[in-house]
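Trainee: The following file, data.txt, comprises compact mmCIF, C-alpha atoms:
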# COMPACT_ATOMS: atom_id res chain seq x y z
CA MET Q 1227 91.35 89.85 78.67
CA ILE Q 1228 94.46 89.62 76.63
CA VAL Q 1229 97.06 92.30 76.00
CA SER Q 1230 95.97 93.76 72.70
CA GLU Q 1231 97.56 92.13 69.65
CA GLN Q 1232 98.16 88.84 71.49
CA TYR Q 1233 95.06 87.35 69.91
CA GLN Q 1234 96.88 84.12 68.99
CA TYR Q 1235 97.07 83.15 72.65
CA GLU Q 1236 93.31 83.22 73.04
CA ILE Q 1237 92.85 81.38 69.74
CA SER Q 1238 95.35 78.61 70.50
CA ALA Q 1239 94.25 78.21 74.13
CA LYS Q 1240 90.64 77.67 73.06
CA LYS Q 1241 91.76 75.10 70.50
CA ILE Q 1242 93.57 73.15 73.22
CA LEU Q 1243 90.72 73.38 75.72
CA ASP Q 1244 88.20 72.32 73.08
CA PHE Q 1245 90.37 69.40 71.96
CA PHE Q 1246 90.57 67.99 75.47
CA GLY Q 1247 86.95 68.77 76.32
CA VAL Q 1248 87.65 71.19 79.16
CA ASP Q 1249 84.47 72.95 80.24
CA TYR Q 1250 85.01 76.71 79.99
CA ARG Q 1251 82.99 79.79 79.20
CA VAL Q 1252 84.22 83.02 77.60
CA CYS Q 1253 82.92 86.13 79.38
CA PRO Q 1254 82.55 89.34 77.36
CA GLU Q 1255 81.75 91.20 80.59
CA PHE Q 1256 85.24 90.58 82.00
CA HIS Q 1257 87.54 93.59 82.26
CA CYS Q 1258 91.07 94.41 83.39
CA CYS Q 1259 92.12 92.48 86.53
CA GLY Q 1260 93.23 95.73 88.14
CA GLU Q 1261 96.94 94.87 88.56
CA PRO Q 1262 98.17 98.06 86.84
CA MET Q 1263 96.11 100.13 89.28
CA LYS Q 1264 97.66 98.42 92.32
CA CYS Q 1265 100.51 100.93 92.00
CA VAL Q 1266 98.12 103.89 92.18
CA ASN Q 1267 95.49 102.78 94.70
CA VAL Q 1268 95.41 99.34 96.32
CA MET Q 1269 91.66 99.49 97.02
CA THR Q 1270 90.90 100.13 93.34
CA TRP Q 1271 92.91 97.05 92.34
CA LEU Q 1272 91.20 94.91 94.98
CA THR Q 1273 87.76 96.05 93.84
CA MET Q 1274 88.46 95.42 90.16
CA ALA Q 1275 89.94 91.99 90.90
CA SER Q 1276 87.14 90.95 93.24
CA ARG Q 1277 84.58 92.02 90.65
CA ILE Q 1278 85.97 89.45 88.22
CA ILE Q 1279 85.97 86.80 90.96
CA ALA Q 1280 82.42 87.72 92.02
CA MET Q 1281 81.19 87.40 88.42
CA ALA Q 1282 82.74 83.93 88.20
CA GLU Q 1283 81.21 82.93 91.54
CA ARG Q 1284 77.81 84.07 90.28
CA MET Q 1285 78.25 81.58 87.41
CA GLY Q 1286 79.35 78.87 89.83
CA ARG Q 1287 82.71 78.62 88.11
CA ASP Q 1288 86.42 79.08 88.79
CA VAL Q 1289 88.43 81.72 86.93
CA LEU Q 1290 90.84 80.69 84.18
CA THR Q 1291 93.59 83.16 83.33
CA LEU Q 1292 95.93 82.99 80.35
CA CYS Q 1293 98.08 85.77 81.80
CA ASN Q 1294 100.61 85.48 84.64
CA GLY Q 1295 99.86 89.02 85.78
CA CYS Q 1296 96.14 88.35 86.05
CA TYR Q 1297 96.88 85.02 87.76
CA LEU Q 1298 98.81 86.65 90.59
CA SER Q 1299 96.57 89.71 90.75
CA LEU Q 1300 93.39 87.70 91.23
CA ASN Q 1301 94.96 85.17 93.61
CA LYS Q 1302 96.59 87.81 95.77
CA ALA Q 1303 93.47 89.99 95.83
CA LYS Q 1304 91.37 87.00 96.81
CA LYS Q 1305 93.69 86.18 99.72
CA ILE Q 1306 93.95 89.78 100.93
CA ILE Q 1307 90.20 90.31 100.89
CA THR Q 1308 89.42 86.93 102.44
CA ASP Q 1309 91.92 87.57 105.27
CA SER Q 1310 90.62 91.04 106.13
CA LYS Q 1311 87.09 91.67 107.40
CA ARG Q 1312 87.56 95.37 106.77
CA ARG Q 1313 88.62 94.96 103.16
CA LYS Q 1314 85.94 92.39 102.43
CA ALA Q 1315 83.22 94.66 103.80
CA GLU Q 1316 84.53 97.60 101.79
CA VAL Q 1317 84.84 95.64 98.56
CA ASN Q 1318 81.37 94.13 98.92
CA ARG Q 1319 79.91 97.55 99.68
CA ILE Q 1320 81.11 98.73 96.28
CA LEU Q 1321 80.28 95.51 94.40
CA GLY Q 1322 76.85 95.44 96.00
CA LYS Q 1323 75.88 98.56 94.08
CA ASP Q 1324 76.09 96.40 90.97
CA GLY Q 1325 74.35 93.41 92.51
CA LEU Q 1326 77.59 91.44 92.90
CA GLU Q 1327 79.14 89.82 95.96
CA PHE Q 1328 82.63 88.41 96.58
CA ASN Q 1329 82.66 85.33 98.80
CA GLY Q 1330 86.09 83.85 97.95
CA SER Q 1331 84.95 80.41 96.80
CA ALA Q 1332 86.18 80.55 93.20
CA ARG Q 1333 89.63 79.12 92.47
CA ILE Q 1334 91.96 81.06 90.21
CA ARG Q 1335 93.62 78.78 87.64
CA HIS Q 1336 96.36 79.47 85.13
CA ILE Q 1337 96.11 77.69 81.78
CA MET Q 1338 99.45 75.95 82.42
CA SER Q 1339 98.18 74.30 85.59
CA VAL Q 1340 94.92 73.36 83.85
CA ILE Q 1341 97.06 71.64 81.20
CA ALA Q 1342 99.34 70.07 83.81
CA GLU Q 1343 96.70 68.98 86.34
CA ASP Q 1344 93.36 68.67 84.55
CA ILE Q 1345 94.65 67.35 81.22
CA GLY Q 1346 97.94 65.75 82.24
CA LEU Q 1347 100.96 64.14 80.58
CA GLU Q 1348 99.33 60.83 79.71
CA ARG Q 1349 96.42 62.27 77.72
CA ILE Q 1350 98.82 64.53 75.87
CA ARG Q 1351 101.20 61.67 75.12
CA GLU Q 1352 98.34 59.60 73.72
CA SER Q 1353 97.07 62.48 71.59
CA THR Q 1354 100.25 63.69 69.88
CA ARG Q 1355 100.18 63.25 66.12
CA ARG Q 1356 103.33 65.14 65.23
CA ASN Q 1357 106.48 64.36 67.18
CA LEU Q 1358 108.59 67.46 67.81
CA ARG Q 1359 111.84 65.49 67.97
CA GLY Q 1360 114.85 67.57 67.06
CA LEU Q 1361 113.53 70.83 68.49
CA VAL Q 1362 115.51 72.47 71.29
CA LEU Q 1363 113.36 74.96 73.14
CA ALA Q 1364 114.05 77.70 75.72
CA THR Q 1365 111.40 77.84 78.42
CA HIS Q 1366 110.30 81.20 79.80
CA TYR Q 1367 107.94 80.91 82.77
CA GLY Q 1368 107.70 84.57 83.65
CA CYS Q 1369 107.60 85.75 87.25
CA HIS Q 1370 104.08 85.87 88.59
CA VAL Q 1371 103.26 82.18 88.24
CA LEU Q 1372 106.28 81.34 90.42
CA ARG Q 1373 106.52 84.13 93.01
CA PRO Q 1374 105.32 84.65 95.70
CA TYR Q 1375 105.40 80.99 96.63
CA ASP Q 1376 101.89 81.14 98.14
CA PHE Q 1377 100.36 81.05 94.69
CA ALA Q 1378 103.12 79.40 92.66
CA ILE Q 1379 102.27 76.77 90.07
CA ASP Q 1380 105.75 75.26 90.54
CA ASP Q 1381 109.06 75.64 92.48
CA PRO Q 1382 110.11 79.33 92.31
CA GLU Q 1383 113.84 78.65 92.07
CA ASN Q 1384 113.76 75.56 89.87
CA PRO Q 1385 110.45 74.94 88.12
CA THR Q 1386 110.12 71.94 85.82
CA VAL Q 1387 106.51 71.73 84.65
CA LEU Q 1388 107.08 73.45 81.29
CA GLU Q 1389 110.12 71.27 80.60
CA LYS Q 1390 108.12 68.11 81.33
CA PHE Q 1391 105.28 69.21 79.10
CA ILE Q 1392 107.67 70.03 76.27
CA GLU Q 1393 109.59 66.75 76.58
CA VAL Q 1394 106.38 64.73 76.39
CA LEU Q 1395 105.97 66.20 72.88
CA GLY Q 1396 109.37 64.86 71.82
CA ALA Q 1397 111.31 68.11 71.96
CA ARG Q 1398 114.11 69.00 74.37
CA ALA Q 1399 114.06 71.84 76.88
CA PRO Q 1400 117.53 72.05 78.43
CA TYR Q 1401 118.51 74.39 81.26
CA TYR Q 1402 120.12 77.72 80.39
CA PRO Q 1403 121.48 80.34 82.84
CA GLU Q 1404 119.14 83.12 81.67
CA ARG Q 1405 116.06 80.95 82.15
CA MET Q 1406 114.63 82.82 85.14
CA ASP Q 1407 115.28 86.33 83.77
CA CYS Q 1408 112.27 88.64 84.01
CA CYS Q 1409 110.73 90.17 80.86
CA MET Q 1410 110.83 93.63 82.55
CA ILE Q 1411 107.38 94.64 81.35
CA LEU Q 1412 106.69 97.09 84.19
CA PHE Q 1413 110.21 98.49 84.13
CA ALA Q 1414 109.69 99.19 80.43
CA ASN Q 1415 107.05 101.79 81.31
CA VAL Q 1416 109.77 103.93 82.89
CA ARG Q 1417 112.98 102.94 81.10
CA PRO Q 1418 111.98 101.46 77.72
CA ARG Q 1419 115.49 101.48 76.29
CA ASP Q 1420 117.06 99.75 79.30
CA ALA Q 1421 114.23 97.22 79.31
CA ASP Q 1422 114.93 96.42 75.66
CA LEU Q 1423 118.64 96.02 76.42
CA ILE Q 1424 117.85 93.53 79.17
CA ARG Q 1425 115.41 91.63 76.97
CA GLY Q 1426 117.91 91.65 74.14
CA GLU Q 1427 120.55 90.04 76.35
CA LYS Q 1428 118.23 87.13 77.02
CA LEU Q 1429 117.20 86.76 73.36
CA LEU Q 1430 120.80 86.91 72.19
CA ALA Q 1431 121.89 84.36 74.76
CA ILE Q 1432 119.10 82.01 73.69
CA LYS Q 1433 120.04 82.42 70.06
CA ARG Q 1434 123.75 81.91 70.69
CA ARG Q 1435 123.10 78.78 72.72
CA GLY Q 1436 121.47 77.27 69.67
CA PHE Q 1437 117.83 77.13 70.75
CA ASP Q 1438 115.19 76.87 68.02
CA ALA Q 1439 112.55 78.93 69.81
CA MET Q 1440 111.43 80.44 73.10
CA ILE Q 1441 108.24 79.17 74.75
CA THR Q 1442 106.08 81.49 76.86
CA ILE Q 1443 102.96 81.21 78.99
CA CYS Q 1444 102.11 84.88 79.48
CA PRO Q 1445 101.02 87.53 76.93
CA LEU Q 1446 103.10 90.23 78.61
CA CYS Q 1447 106.26 88.12 78.37
CA GLN Q 1448 105.41 87.19 74.78
CA HIS Q 1449 104.84 90.86 73.97
CA SER Q 1450 108.19 91.76 75.54
CA TYR Q 1451 110.24 89.23 73.63
CA GLU Q 1452 108.43 88.94 70.36
CA THR Q 1453 107.03 92.28 69.24
CA ARG Q 1454 110.24 94.30 69.52
CA GLN Q 1455 112.90 92.05 68.00
CA ARG Q 1456 113.76 94.41 65.16
CA ARG Q 1457 114.06 97.38 67.49
CA ILE Q 1458 116.15 95.36 69.96
CA SER Q 1459 118.42 94.09 67.19
CA LYS Q 1460 119.17 97.67 66.18
CA LEU Q 1461 119.83 98.64 69.79
CA LEU Q 1462 122.24 95.77 70.44
CA LYS Q 1463 123.72 95.91 66.95
CA ALA Q 1464 123.17 92.16 66.77
CA ASP Q 1465 120.44 90.02 65.25
CA VAL Q 1466 118.18 88.74 68.02
CA SER Q 1467 115.44 87.39 65.80
CA ILE Q 1468 114.18 84.06 67.08
CA PRO Q 1469 110.75 82.41 67.05
CA VAL Q 1470 108.79 83.01 70.27
CA ILE Q 1471 105.55 81.07 70.64
CA TYR Q 1472 103.07 80.20 73.34
CA TYR Q 1473 103.06 76.72 74.87
CA THR Q 1474 99.46 76.32 73.67
CA GLN Q 1475 100.65 76.92 70.11
CA LEU Q 1476 103.45 74.36 70.49
CA LEU Q 1477 101.06 71.82 71.96
CA GLY Q 1478 98.61 72.46 69.13
CA LEU Q 1479 101.33 71.75 66.55
CA ALA Q 1480 102.13 68.47 68.30
CA LEU Q 1481 98.44 67.57 68.24
CA GLY Q 1482 98.48 67.99 64.47
CA MET Q 1483 96.65 71.31 64.24
CA SER Q 1484 97.42 73.75 61.44
CA PRO Q 1485 99.54 76.87 62.02
CA ARG Q 1486 96.70 79.13 60.97
CA ASP Q 1487 94.27 77.51 63.43
CA LEU Q 1488 96.78 78.23 66.19
CA GLY Q 1489 97.20 81.85 65.19
CA LEU Q 1490 100.85 81.36 64.19
CA HIS Q 1491 100.31 83.82 61.34
CA LEU Q 1492 99.64 86.46 64.01
CA ASN Q 1493 102.97 86.02 65.81
CA MET Q 1494 105.49 88.74 65.11
CA SER Q 1495 108.64 86.67 65.41
CA PRO Q 1496 110.00 84.45 62.58
CA THR Q 1497 107.76 81.45 63.34
CA ARG Q 1498 108.04 80.11 59.79
CA ARG Q 1499 111.65 79.24 60.66
CA LEU Q 1500 110.33 76.96 63.37
CA LEU Q 1501 107.64 75.46 61.16
CA GLY Q 1502 110.26 74.79 58.51
CA LYS Q 1503 112.22 72.71 61.01
CA LEU Q 1504 109.12 70.62 61.57
CA GLY Q 1505 108.60 70.22 57.86
CA ILE Q 1506 105.39 72.22 57.96
CA VAL Q 1507 104.81 74.43 54.96
CA SER Q 1508 103.05 77.51 56.26
CA ASP Q 1509 99.78 77.88 54.44
CA PRO Q 1510 98.87 81.31 53.11
CA MET M 573 106.91 111.55 109.94
CA ASP M 574 105.61 108.16 110.89
CA SER M 575 106.18 106.86 107.41
CA VAL M 576 106.13 103.23 108.45
CA GLY M 577 102.75 103.66 110.10
CA GLU M 578 101.34 105.37 107.07
CA LEU M 579 102.75 102.79 104.68
CA LYS M 580 101.33 99.97 106.80
CA ARG M 581 97.91 101.56 106.58
CA ILE M 582 98.17 101.09 102.81
CA ILE M 583 99.64 97.57 102.90
CA GLU M 584 99.48 96.04 106.34
CA TRP M 585 101.91 93.08 105.99
CA ILE M 586 105.11 94.99 105.08
CA ARG M 587 107.93 94.88 107.67
CA PRO M 588 110.57 97.51 106.81
CA GLU M 589 111.59 97.70 110.49
CA VAL M 590 113.16 94.20 110.57
CA CYS M 591 115.42 94.44 107.51
CA PHE M 592 119.03 93.67 108.50
CA ARG M 593 120.65 94.29 105.12
CA CYS M 594 121.44 90.72 104.14
CA ASN M 595 121.25 91.80 100.46
CA LYS M 596 119.40 88.69 99.28
CA CYS M 597 116.88 91.05 97.68
CA VAL M 598 119.64 92.91 95.84
CA SER M 599 121.23 89.72 94.56
CA GLY M 600 118.08 88.70 92.70
CA CYS M 601 116.84 92.11 91.57
CA PRO M 602 116.91 92.54 87.75
CA VAL M 603 116.64 96.34 88.06
CA ALA M 604 119.57 96.49 90.50
CA LYS M 605 121.61 94.56 87.95
CA LYS M 606 121.07 97.27 85.36
CA VAL M 607 120.72 100.45 87.43
CA ASP M 608 123.73 100.95 89.72
CA THR M 609 122.00 103.18 92.24
CA TYR M 610 118.84 101.10 92.63
CA ARG M 611 118.72 98.78 95.64
CA PRO M 612 115.46 97.41 97.06
CA ASN M 613 116.83 97.46 100.61
CA ARG M 614 117.92 101.07 100.26
CA ILE M 615 114.33 102.03 99.53
CA VAL M 616 113.15 99.91 102.47
CA ARG M 617 115.68 101.54 104.84
CA MET M 618 114.72 105.06 103.71
CA ALA M 619 111.03 104.26 104.21
CA TYR M 620 111.81 102.95 107.71
CA LEU M 621 113.85 106.03 108.64
CA GLY M 622 111.14 108.38 107.42
CA ILE M 623 113.26 109.78 104.56
CA VAL M 624 110.38 109.49 102.14
CA ASP M 625 110.05 112.94 100.59
CA GLU M 626 112.85 112.37 98.15
CA LEU M 627 111.52 108.87 97.37
CA LEU M 628 108.05 110.16 96.62
CA ASP M 629 109.46 112.67 94.14
CA SER M 630 111.80 110.20 92.51
CA GLU M 631 111.58 107.97 89.48
CA GLU M 632 113.26 105.34 91.66
CA ILE M 633 110.15 103.93 93.29
CA TRP M 634 108.63 103.43 89.83
CA LEU M 635 111.53 101.32 88.53
CA CYS M 636 110.62 98.12 90.36
CA THR M 637 109.30 95.58 87.87
CA GLN M 638 107.36 93.63 90.54
CA CYS M 639 109.08 90.33 89.79
CA PHE M 640 108.87 89.44 93.53
CA THR M 641 112.32 87.83 93.64
CA CYS M 642 113.17 90.10 96.60
CA THR M 643 109.97 89.25 98.45
CA GLU M 644 110.47 85.54 97.83
CA ARG M 645 114.09 85.48 99.02
CA CYS M 646 113.79 87.83 102.02
CA PRO M 647 114.41 85.86 105.23
CA MET M 648 112.51 88.39 107.35
CA ASP M 649 109.25 88.81 105.40
CA VAL M 650 109.96 92.48 104.75
CA ALA M 651 108.20 92.31 101.35
CA PRO M 652 110.25 95.03 99.59
CA ALA M 653 108.11 94.87 96.46
CA ASP M 654 105.06 95.70 98.57
CA VAL M 655 106.91 98.50 100.42
CA ILE M 656 107.42 99.99 96.97
CA ILE M 657 103.74 99.60 96.10
CA ALA M 658 102.80 101.40 99.32
CA LEU M 659 105.23 104.21 98.43
CA ARG M 660 103.70 104.44 94.95
CA ASN M 661 100.23 104.71 96.48
CA MET M 662 101.49 107.44 98.80
CA ALA M 663 103.02 109.36 95.88
CA SER M 664 99.77 109.04 93.94
CA ARG M 665 97.81 110.56 96.82
CA MET M 666 100.10 113.57 96.48
CA GLY M 667 99.42 113.83 92.78
CA LYS M 668 102.76 112.30 91.83
CA THR M 669 101.61 109.23 89.89
CA HIS M 670 104.09 108.36 87.14
CA THR M 671 102.75 109.40 83.71
CA ALA M 672 102.76 105.85 82.37
CA TRP M 673 100.28 104.82 85.06
CA VAL M 674 98.10 107.86 84.47
CA LYS M 675 97.91 106.76 80.84
CA MET M 676 97.02 103.20 81.86
CA ALA M 677 94.24 104.45 84.11
CA GLN M 678 92.85 106.56 81.26
CA ASN M 679 92.95 103.57 78.91
CA ILE M 680 91.19 101.34 81.41
CA ILE M 681 88.29 103.79 81.63
CA ARG M 682 88.18 104.63 77.92
CA LEU M 683 89.00 101.24 76.42
CA GLY M 684 88.42 98.68 79.16
CA GLY M 685 92.08 97.66 79.25
CA ILE M 686 95.55 99.19 79.47
CA LEU M 687 96.26 99.07 75.75
CA PRO M 688 94.11 99.76 72.69
CA GLU M 689 93.05 96.91 70.41
CA MET M 690 95.77 96.76 67.80
CA GLY M 691 95.80 95.47 64.30
CA ILE M 692 98.48 93.03 63.20
CA VAL M 693 100.13 92.75 59.80
CA THR M 694 100.33 89.02 59.07
CA TRP M 695 102.67 86.95 56.90
CA ASP M 696 100.60 87.60 53.82
CA LYS M 697 100.73 91.34 54.40
CA LYS M 698 97.10 91.62 55.52
CA LEU M 699 96.06 93.89 58.36
CA ILE M 700 93.99 91.86 60.79
CA LYS M 701 91.98 93.32 63.64
CA ARG M 702 90.51 91.50 66.62
CA ALA M 703 87.07 91.81 65.07
CA ASP M 704 88.25 89.86 62.00
CA LEU M 705 89.29 86.86 64.05
CA GLY M 706 85.92 85.78 65.41
CA ILE M 707 87.04 85.92 69.02
CA THR M 708 85.27 87.58 71.92
CA ILE M 709 84.55 91.26 71.64
CA TYR M 710 84.56 92.73 75.13
CA LYS M 711 81.59 94.79 76.14
CA ARG M 712 82.27 98.47 76.36
CA THR M 713 79.39 99.13 78.79
CA ASP M 714 81.71 98.05 81.59
CA ARG M 715 83.42 101.39 81.27
CA THR M 716 80.77 103.11 83.38
CA LYS M 717 81.08 100.36 85.99
CA LEU M 718 84.86 100.83 86.08
CA ARG M 719 84.43 104.57 86.40
CA GLN M 720 82.16 103.97 89.36
CA ILE M 721 84.69 101.56 90.91
CA PHE M 722 87.49 104.12 90.49
CA LYS M 723 85.45 106.72 92.31
CA GLU M 724 84.06 104.50 95.08
CA SER M 725 87.42 102.90 95.86
CA GLY M 726 89.12 106.24 96.40
CA MET M 727 91.18 106.46 93.23
CA PRO M 728 93.29 109.62 93.59
CA LEU M 729 93.54 110.22 89.84
CA GLU M 730 91.05 112.34 87.95
CA VAL M 731 90.16 110.31 84.88
CA GLU M 732 87.52 111.41 82.39
Do you think you could lay out the structure here as structure tokens?
Mentor:
Amino acid sequence: MIVSEQYQYEISAKKILDFFGVDYRVCPEFHCCGEPMKCVNVMTWLTMASRIIAMAERMGRDVLTLCNGCYLSLNKAKKIITDSKRRKAEVNRILGKDGLEFNGSARIRHIMSVIAEDIGLERIRESTRRNLRGLVLATHYGCHVLRPYDFAIDDPENPTVLEKFIEVLGARAPYYPERMDCCMILFANVRPRDADLIRGEKLLAIKRRGFDAMITICPLCQHSYETRQRRISKLLKADVSIPVIYYTQLLGLALGMSPRDLGLHLNMSPTRRLLGKLGIVSDP
Amino acid sequence: MDSVGELKRIIEWIRPEVCFRCNKCVSGCPVAKKVDTYRPNRIVRMAYLGIVDELLDSEEIWLCTQCFTCTERCPMDVAPADVIIALRNMASRMGKTHTAWVKMAQNIIRLGGILPEMGIVTWDKKLIKRADLGITIYKRTDRTKLRQIFKESGMPLEVE
């Protein structure tokens, strides 16, 4: 379930999965992964997370998450419950009232590792129709797909998967010092102004270093950097406006899909600037 | 107060007793960078020494953004981010849940997720809602199931 207003992530991800023939099912019964409730009551989080996993297991499928938070939440919950007889019994006692059972067989996958492992560089290279040469992009992995290392999709201190999958499209993704900075989404609940200052520093740095856009793989990170640019610009007294798009949207552009099909009209950052660089006239 | 014992009953793998103040957690902490008085290992030390009352009343334990840099870099497997989660759980049991999380819990029960479905104003100045986009509409019947889970799992918040 996507952070509200980040509908373009779901739209573009489905386009990519359909294009490459990945077998997935959308589940209207899915609910919040429980991560926000971890801070209030650990058992509530574990029960909510295991319910999602149990529903997937009932379908004989793995779980695909588009969100870093959900990715870590489900993975960590699965490990905690599997490692503890007490917790597993308690969780299944509650799930049993709904006819569900957690057995810990379903894998939890993030869309980026599905793209990296199940689709792979070669298939993407063969399928690109629009070369993104000339674009210089700032990667933003987020935190929960890299730490803790137990569940990481890449090296926590120096990941490279996003860079590789951008370079295969013809664009460049050079290193920048602020690369690993956190989007501060939880901190923003308590100190919204300070969170915006921190986010603004990263956006300003990216802009000043001459990047064309920021690429994200999590709706919370995207929300942090994209939906508040005007407010952050006022706060910093500097223009931080810069296109911020999902990797699935970037990949879709390289595959020749239209901006509208990828939900680029739903992004709240100046994406038309980016499309202009690619010579794409944004359709109404 | 055996605060360490109580915290370990909430999250069993935390190890506040072995922290030797190497400051690797502080060096990577984005909140510490911004907030001068916030140090993950200070919270860990206070939890270990049983000086928790002031922590449970503070905004401090709610500042952590759960980026896990501290937990990843700690050479002793203290898991500071999880010490903080255990402290948050403890505060919640005393009715001291931070208001932002109370709101999130209410939204989860009422709406199925932490935020309401929002409309977006697109390039061509149209207001688009999720329902207009032809993507999955999540079932609202799960709300009663979530309410049941909240109750059965010992959620300390009263949420209607």
Trainee: Rank nothing, just name the residue among Q:Ile1345, Q:Cys1265, Q:Met1338, Q:Ala1421 nearest to chain M, using all atoms listed in the file.
Mentor: Q:Cys1265
Trainee: Which is closest to Met1269 in chain Q among M:Asn595, M:Asn679, M:Asn661, M:Thr694, if we use only C-alpha atoms?
Mentor: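 Answer, going by the shortest atom-to-atom distance: M:Asn661.
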Trainee: Env of Leu1358 in chain Q: 8 Å cut, atoms = only C-alpha atoms, seq-sep filter 2 positions within chain, self excluded. Answer as an mmCIF file with C-alpha atoms, in the frame of the given file.
Mentor:
data_model
loop_
_atom_site.group_PDB
_atom_site.id
_atom_site.type_symbol
_atom_site.label_atom_id
_atom_site.label_comp_id
_atom_site.auth_asym_id
_atom_site.auth_seq_id
_atom_site.Cartn_x
_atom_site.Cartn_y
_atom_site.Cartn_z
ATOM 1 C CA ARG Q 1356 103.330 65.140 65.230
ATOM 2 C CA GLY Q 1360 114.850 67.570 67.060
ATOM 3 C CA LEU Q 1361 113.530 70.830 68.490
ATOM 4 C CA LEU Q 1395 105.970 66.200 72.880
ATOM 5 C CA GLY Q 1396 109.370 64.860 71.820
ATOM 6 C CA ALA Q 1397 111.310 68.110 71.960
ATOM 7 C CA ALA Q 1480 102.130 68.470 68.300
ATOM 8 C CA LEU Q 1504 109.120 70.620 61.570
#
Trainee: Considering only C-alpha atoms, extract the chain Q residues located within 8 Å of chain M and return them as a PyMOL selection string.
Mentor: chain Q and resi 1227+1229-1231+1233+1236-1237+1252-1258+1262-1270+1273-1274+1320+1369-1370+1373-1375+1407-1408+1410-1413+1415-1417+1420+1424+1491-1494+1510
Trainee: Just checking: using only C-alpha atoms, which residue out of Q:Ala1431, Q:Ala1332, Q:Ile1306, Q:Met1406 ends up closest to Asp1288 in chain Q?
Mentor: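 Smallest separation from Asp1288 in chain Q among the options: Q:Ala1332.
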Trainee: Enter the distance from CA of Ile1441 in chain Q to CA of Ile1506 in chain Q, in Å, rounded to one decimal.
Mentor: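 According to the coordinates, CA of Ile1441 in chain Q and CA of Ile1506 in chain Q are separated by 18.4 Å.
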Trainee: With all atoms of range 657-668 of chain M from the file as input, state the centre and edge lengths in Å to one decimal of the axis-aligned box that has 6 Å extra on each side, as lines of an AutoDock Vina configuration file.
Mentor:
center_x = 101.5
center_y = 106.7
center_z = 95.6
size_x = 19.4
size_y = 26.2
size_z = 19.5
Trainee: Quick check, in Å to one decimal: how far apart do CA of Gly667 in chain M and CA of Arg587 in chain M lie?
Mentor: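 Computing it gives 25.6 Å between the two atoms.
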Trainee: Just checking: using only C-alpha atoms, which residue out of Q:Lys1241, Q:Arg1435, Q:Arg1349, Q:Arg1359 ends up closest to Gly1489 in chain Q?
Mentor: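 Among Q:Lys1241, Q:Arg1435, Q:Arg1349, Q:Arg1359, it is Q:Lys1241 that comes nearest to Gly1489 in chain Q.
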Trainee: Would you mind listing what lies within 10 Å of Arg1251 in chain Q as a tab-separated table (two decimals) with C-alpha atoms, in the frame of the given file, with only C-alpha atoms counted and same-chain residues fewer than 3 positions away left out?
Mentor:
chain	number	residue	atom	x	y	z
Q	1248	VAL	CA	87.65	71.19	79.16
Q	1254	PRO	CA	82.55	89.34	77.36
Q	1282	ALA	CA	82.74	83.93	88.20
Q	1285	MET	CA	78.25	81.58	87.41
Q	1287	ARG	CA	82.71	78.62	88.11
Q	1289	VAL	CA	88.43	81.72	86.93
Q	1290	LEU	CA	90.84	80.69	84.18
Trainee: Given the point (101.7, 73.5, 61.6) in the file's coordinates, find the residues that have an atom at most 10 Å from it, counting all atoms listed in the file, and give them as a ChimeraX atom specification.
Mentor: /Q:1356,1475-1476,1478-1488,1490,1498,1500-1502,1504-1509
Trainee: Report, in Å with one decimal, the straight-line distance from CA of Tyr1401 in chain Q to CA of Val1362 in chain Q.
Mentor: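 The value is 10.6 Å.
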